[in-house]
Amino acid sequence: MEPAGRGGSAAAPRADSGLFDVVSSSRMSEVIVEQIRSLIRADKLRPGDRLPSERALCEQMGVSRVTVREALRVLEAAGLVAIRVGARGGAFVTTPSSTKLSANLADLVNLSPMTAPEVIEARQVVELGIIETVIERATEKDVDELREMTREHQAALKRGEYSMEMSAAFHVRVAQCTHNAAIEMLVHSFHGPLLMSLREAQVAAPLMGHRGTSEHREFVEAIAARDVEKAREIMAKHLRRTSQRIARVQASREKGKEV
């Protein structure tokens, strides 16, 4: 057992070998993944903890090294484990990031029946729902950064370089004005689906950035003025127009199927 310690050059604490059960299953790597997920949820494994070596995990769980490596790759892809090399390397428990979660949700959108209309409906619930909190908690720094973002986006629009990624980034930054970690995580993790819905709307209106960036600027000024009703009115109109564009794309596709 290595000495405890999570920061600096001190060795990370090694998880207790007694935590792990022998695995007996035709899908052994999945069982290992779920076992480690459960230990993390139960707070028996915490960010910074180092898992036992591959060899030790093989012995404790009764599986091959190939199976352990496959499980660790899955955990790493999910953002639950970081693999480091070198003398102080190994598999370390990490805190899942909103960026990783966003990527996973983007995959979910591409591989599941989730549709752009469903995404915009969710956006209307969430983005309109947080406006009062945004107005209450946005700092001067938040407002300054949002203003700078809108200036950069309008400049990009004039150069013909404005993208839906920029639009999505604006909505994520607005959520950060709540200074609520749960809301920030929720909206940031929804970045992939949000981007998908914007691109869908862009099919119906390739020049949608012109009005959208203007509404973004107006929305920021409503935040600066602490005007909840004005901000809600602007965002509702903004999202409603995106919804209408998506509906037109969907209708056009359905009509095409009938031909």
# chains A, B, ... in the order shown; residues from 1 in each chain; ligands from 1
>>> residues_around(residues="Ile234 of chain A", least_positions_apart="4", cutoff="9 Å", atoms="only C-alpha atoms", output="count of residues only")
9
>>> residues_around(residues="segment 178-180 of chain A", least_positions_apart="5", cutoff="9 Å", atoms="only C-alpha atoms", output="list in words")
Ile130, Ile131, Glu132, Thr133, Val134, Ile135, Glu136, Arg137, Ala138 and Met185 of chain A
>>> write_last_selection(atoms="N, CA and C atoms", output="mmCIF file, in the first residue's frame")
data_model
loop_
_atom_site.group_PDB
_atom_site.id
_atom_site.type_symbol
_atom_site.label_atom_id
_atom_site.label_comp_id
_atom_site.auth_asym_id
_atom_site.auth_seq_id
_atom_site.Cartn_x
_atom_site.Cartn_y
_atom_site.Cartn_z
ATOM 1 N N ILE A 130 -34.107 28.796 -16.891
ATOM 2 C CA ILE A 130 -32.973 29.296 -16.100
ATOM 3 C C ILE A 130 -32.811 30.817 -16.193
ATOM 4 N N ILE A 131 -33.648 31.473 -16.978
ATOM 5 C CA ILE A 131 -33.433 32.908 -17.225
ATOM 6 C C ILE A 131 -33.466 33.732 -15.944
ATOM 7 N N GLU A 132 -34.423 33.473 -15.073
ATOM 8 C CA GLU A 132 -34.503 34.261 -13.838
ATOM 9 C C GLU A 132 -33.231 34.118 -13.006
ATOM 10 N N THR A 133 -32.710 32.894 -12.947
ATOM 11 C CA THR A 133 -31.473 32.658 -12.199
ATOM 12 C C THR A 133 -30.296 33.355 -12.871
ATOM 13 N N VAL A 134 -30.258 33.327 -14.185
ATOM 14 C CA VAL A 134 -29.196 34.024 -14.927
ATOM 15 C C VAL A 134 -29.226 35.515 -14.607
ATOM 16 N N ILE A 135 -30.413 36.108 -14.643
ATOM 17 C CA ILE A 135 -30.559 37.536 -14.374
ATOM 18 C C ILE A 135 -30.108 37.878 -12.954
ATOM 19 N N GLU A 136 -30.453 37.027 -12.009
ATOM 20 C CA GLU A 136 -30.123 37.277 -10.604
ATOM 21 C C GLU A 136 -28.627 37.166 -10.333
ATOM 22 N N ARG A 137 -27.953 36.229 -11.004
ATOM 23 C CA ARG A 137 -26.593 35.882 -10.605
ATOM 24 C C ARG A 137 -25.494 36.303 -11.570
ATOM 25 N N ALA A 138 -25.844 36.719 -12.764
ATOM 26 C CA ALA A 138 -24.806 37.105 -13.734
ATOM 27 C C ALA A 138 -23.973 38.249 -13.174
ATOM 28 N N MET A 185 -23.490 21.845 -15.777
ATOM 29 C CA MET A 185 -23.228 20.489 -16.266
ATOM 30 C C MET A 185 -24.331 20.030 -17.206
#
>>> residues_around(residues="Leu45 of chain A", least_positions_apart="4", cutoff="10 Å", atoms="only C-alpha atoms", output="list in words")
Arg14, Ala15, Asp16, Leu19, Ile36, Arg37, Ser38, Leu39, Ile40, Arg41, Asp49, Arg50, Leu51, Phe92, Val93 and Thr94 of chain A
>>> write_last_selection(atoms="N, CA, C and O atoms", output="mmCIF file, in the first residue's frame")
data_model
loop_
_atom_site.group_PDB
_atom_site.id
_atom_site.type_symbol
_atom_site.label_atom_id
_atom_site.label_comp_id
_atom_site.auth_asym_id
_atom_site.auth_seq_id
_atom_site.Cartn_x
_atom_site.Cartn_y
_atom_site.Cartn_z
ATOM 1 N N ARG A 14 -3.794 4.120 -3.065
ATOM 2 C CA ARG A 14 -4.173 2.945 -3.851
ATOM 3 C C ARG A 14 -5.440 2.348 -3.251
ATOM 4 O O ARG A 14 -5.578 2.228 -2.041
ATOM 5 N N ALA A 15 -6.398 2.015 -4.127
ATOM 6 C CA ALA A 15 -7.657 1.462 -3.644
ATOM 7 C C ALA A 15 -7.422 0.136 -2.927
ATOM 8 O O ALA A 15 -6.565 -0.665 -3.306
ATOM 9 N N ASP A 16 -8.204 -0.097 -1.908
ATOM 10 C CA ASP A 16 -8.106 -1.316 -1.114
ATOM 11 C C ASP A 16 -8.384 -2.529 -1.994
ATOM 12 O O ASP A 16 -9.410 -2.606 -2.671
ATOM 13 N N LEU A 19 -11.786 -4.484 -2.149
ATOM 14 C CA LEU A 19 -12.998 -3.926 -2.740
ATOM 15 C C LEU A 19 -13.512 -4.754 -3.912
ATOM 16 O O LEU A 19 -14.689 -4.716 -4.240
ATOM 17 N N ILE A 36 -16.650 -1.313 -10.932
ATOM 18 C CA ILE A 36 -15.894 -0.099 -10.607
ATOM 19 C C ILE A 36 -16.815 1.117 -10.585
ATOM 20 O O ILE A 36 -16.691 1.996 -9.719
ATOM 21 N N ARG A 37 -17.780 1.174 -11.507
ATOM 22 C CA ARG A 37 -18.771 2.257 -11.476
ATOM 23 C C ARG A 37 -19.511 2.262 -10.129
ATOM 24 O O ARG A 37 -19.729 3.323 -9.527
ATOM 25 N N SER A 38 -19.904 1.096 -9.667
ATOM 26 C CA SER A 38 -20.648 0.984 -8.410
ATOM 27 C C SER A 38 -19.803 1.454 -7.229
ATOM 28 O O SER A 38 -20.305 2.118 -6.316
ATOM 29 N N LEU A 39 -18.514 1.126 -7.251
ATOM 30 C CA LEU A 39 -17.623 1.547 -6.170
ATOM 31 C C LEU A 39 -17.448 3.067 -6.165
ATOM 32 O O LEU A 39 -17.344 3.687 -5.098
ATOM 33 N N ILE A 40 -17.440 3.656 -7.373
ATOM 34 C CA ILE A 40 -17.337 5.116 -7.463
ATOM 35 C C ILE A 40 -18.609 5.771 -6.935
ATOM 36 O O ILE A 40 -18.566 6.740 -6.171
ATOM 37 N N ARG A 41 -19.771 5.211 -7.328
ATOM 38 C CA ARG A 41 -21.043 5.765 -6.850
ATOM 39 C C ARG A 41 -21.162 5.660 -5.339
ATOM 40 O O ARG A 41 -21.731 6.540 -4.685
ATOM 41 N N ASP A 49 -7.849 8.340 -6.525
ATOM 42 C CA ASP A 49 -7.455 6.992 -6.115
ATOM 43 C C ASP A 49 -6.838 6.248 -7.294
ATOM 44 O O ASP A 49 -7.304 6.363 -8.433
ATOM 45 N N ARG A 50 -5.787 5.481 -7.000
ATOM 46 C CA ARG A 50 -5.171 4.654 -8.039
ATOM 47 C C ARG A 50 -5.667 3.224 -7.886
ATOM 48 O O ARG A 50 -5.620 2.653 -6.793
ATOM 49 N N LEU A 51 -6.136 2.668 -8.989
ATOM 50 C CA LEU A 51 -6.586 1.281 -8.956
ATOM 51 C C LEU A 51 -5.376 0.358 -8.815
ATOM 52 O O LEU A 51 -4.252 0.745 -9.147
ATOM 53 N N PHE A 92 -6.103 5.831 -12.702
ATOM 54 C CA PHE A 92 -6.542 6.712 -11.629
ATOM 55 C C PHE A 92 -8.008 7.101 -11.821
ATOM 56 O O PHE A 92 -8.426 7.437 -12.936
ATOM 57 N N VAL A 93 -8.753 7.078 -10.739
ATOM 58 C CA VAL A 93 -10.151 7.488 -10.785
ATOM 59 C C VAL A 93 -10.206 8.998 -11.009
ATOM 60 O O VAL A 93 -9.446 9.759 -10.400
ATOM 61 N N THR A 94 -11.084 9.432 -11.921
ATOM 62 C CA THR A 94 -11.207 10.859 -12.225
ATOM 63 C C THR A 94 -12.649 11.310 -12.052
ATOM 64 O O THR A 94 -13.556 10.489 -11.860
#
>>> residues_around(residues="Val125 of chain A", least_positions_apart="3", cutoff="12 Å", atoms="only C-alpha atoms", output="list in words")
Glu118, Val119, Ile120, Glu121, Ala122, Leu128, Gly129, Ile130, Ile131, Val187, Arg232, Met235, Ala236, Leu239 and Arg240 of chain A
>>> write_last_selection(atoms="all heavy atoms", output="compact mmCIF listing (two decimals), in the first residue's frame")
# COMPACT_ATOMS: atom_id res chain seq x y z
N GLU A 118 -37.38 17.05 -30.58
CA GLU A 118 -37.33 16.73 -29.15
C GLU A 118 -36.26 17.55 -28.45
O GLU A 118 -36.45 18.00 -27.31
CB GLU A 118 -37.06 15.23 -28.97
CG GLU A 118 -38.23 14.35 -29.36
CD GLU A 118 -37.89 12.87 -29.35
OE1 GLU A 118 -36.71 12.53 -29.56
OE2 GLU A 118 -38.81 12.07 -29.14
N VAL A 119 -35.14 17.74 -29.13
CA VAL A 119 -34.06 18.54 -28.55
C VAL A 119 -34.50 19.99 -28.35
O VAL A 119 -34.27 20.58 -27.29
CB VAL A 119 -32.80 18.48 -29.44
CG1 VAL A 119 -31.74 19.47 -28.94
CG2 VAL A 119 -32.21 17.07 -29.44
N ILE A 120 -35.14 20.58 -29.35
CA ILE A 120 -35.56 21.98 -29.22
C ILE A 120 -36.63 22.12 -28.15
O ILE A 120 -36.68 23.13 -27.43
CB ILE A 120 -36.04 22.55 -30.58
CG1 ILE A 120 -36.19 24.09 -30.50
CG2 ILE A 120 -37.33 21.93 -31.03
CD1 ILE A 120 -34.93 24.83 -30.23
N GLU A 121 -37.48 21.12 -28.00
CA GLU A 121 -38.48 21.15 -26.93
C GLU A 121 -37.81 21.15 -25.56
O GLU A 121 -38.21 21.90 -24.65
CB GLU A 121 -39.42 19.96 -27.06
CG GLU A 121 -40.64 20.02 -26.16
CD GLU A 121 -41.61 18.90 -26.47
OE1 GLU A 121 -41.36 17.75 -26.03
OE2 GLU A 121 -42.63 19.16 -27.16
N ALA A 122 -36.77 20.33 -25.43
CA ALA A 122 -36.02 20.30 -24.17
C ALA A 122 -35.32 21.63 -23.93
O ALA A 122 -35.27 22.13 -22.79
CB ALA A 122 -35.00 19.16 -24.20
N LEU A 128 -35.39 28.56 -21.09
CA LEU A 128 -36.32 29.56 -20.58
C LEU A 128 -36.42 29.45 -19.06
O LEU A 128 -36.59 30.45 -18.37
CB LEU A 128 -37.70 29.38 -21.22
CG LEU A 128 -37.79 29.71 -22.71
CD1 LEU A 128 -39.19 29.43 -23.23
CD2 LEU A 128 -37.41 31.16 -22.98
N GLY A 129 -36.27 28.23 -18.56
CA GLY A 129 -36.40 28.01 -17.13
C GLY A 129 -35.29 28.60 -16.28
O GLY A 129 -35.49 28.90 -15.10
N ILE A 130 -34.11 28.80 -16.89
CA ILE A 130 -32.97 29.30 -16.10
C ILE A 130 -32.81 30.82 -16.19
O ILE A 130 -31.94 31.38 -15.53
CB ILE A 130 -31.65 28.63 -16.53
CG1 ILE A 130 -31.25 29.05 -17.95
CG2 ILE A 130 -31.73 27.12 -16.38
CD1 ILE A 130 -29.88 28.54 -18.38
N ILE A 131 -33.65 31.47 -16.98
CA ILE A 131 -33.43 32.91 -17.23
C ILE A 131 -33.47 33.73 -15.94
O ILE A 131 -32.62 34.61 -15.73
CB ILE A 131 -34.46 33.43 -18.25
CG1 ILE A 131 -34.06 32.97 -19.65
CG2 ILE A 131 -34.54 34.96 -18.21
CD1 ILE A 131 -35.01 33.35 -20.74
N VAL A 187 -26.49 21.83 -19.09
CA VAL A 187 -26.50 22.51 -20.39
C VAL A 187 -25.23 22.21 -21.19
O VAL A 187 -25.29 21.99 -22.40
CB VAL A 187 -26.67 24.03 -20.19
CG1 VAL A 187 -26.59 24.76 -21.54
CG2 VAL A 187 -28.01 24.32 -19.53
N ARG A 232 -36.67 36.90 -21.30
CA ARG A 232 -37.49 35.72 -21.61
C ARG A 232 -38.18 35.88 -22.96
O ARG A 232 -38.28 34.91 -23.74
CB ARG A 232 -38.53 35.51 -20.50
CG ARG A 232 -39.36 34.24 -20.68
CD ARG A 232 -40.31 33.99 -19.52
NE ARG A 232 -39.58 33.55 -18.34
CZ ARG A 232 -39.51 34.21 -17.20
NH1 ARG A 232 -40.12 35.37 -17.08
NH2 ARG A 232 -38.85 33.72 -16.17
N MET A 235 -35.50 35.26 -25.74
CA MET A 235 -35.10 33.86 -25.86
C MET A 235 -36.24 33.00 -26.37
O MET A 235 -36.03 32.07 -27.17
CB MET A 235 -34.60 33.34 -24.51
CG MET A 235 -34.02 31.92 -24.58
SD MET A 235 -32.63 31.76 -25.76
CE MET A 235 -31.34 32.64 -24.86
N ALA A 236 -37.47 33.29 -25.93
CA ALA A 236 -38.62 32.52 -26.41
C ALA A 236 -38.79 32.66 -27.91
O ALA A 236 -39.02 31.68 -28.64
CB ALA A 236 -39.89 32.97 -25.68
N LEU A 239 -35.87 30.75 -29.70
CA LEU A 239 -36.06 29.30 -29.73
C LEU A 239 -37.26 28.90 -30.59
O LEU A 239 -37.24 27.86 -31.26
CB LEU A 239 -36.22 28.75 -28.31
CG LEU A 239 -35.00 28.90 -27.40
CD1 LEU A 239 -35.34 28.44 -25.98
CD2 LEU A 239 -33.81 28.10 -27.94
N ARG A 240 -38.30 29.72 -30.56
CA ARG A 240 -39.50 29.42 -31.35
C ARG A 240 -39.18 29.41 -32.84
O ARG A 240 -39.64 28.55 -33.59
CB ARG A 240 -40.60 30.43 -31.03
CG ARG A 240 -41.93 30.14 -31.74
CD ARG A 240 -43.07 30.97 -31.16
NE ARG A 240 -42.78 32.40 -31.20
CZ ARG A 240 -42.54 33.16 -30.13
NH1 ARG A 240 -42.55 32.63 -28.92
NH2 ARG A 240 -42.30 34.46 -30.26
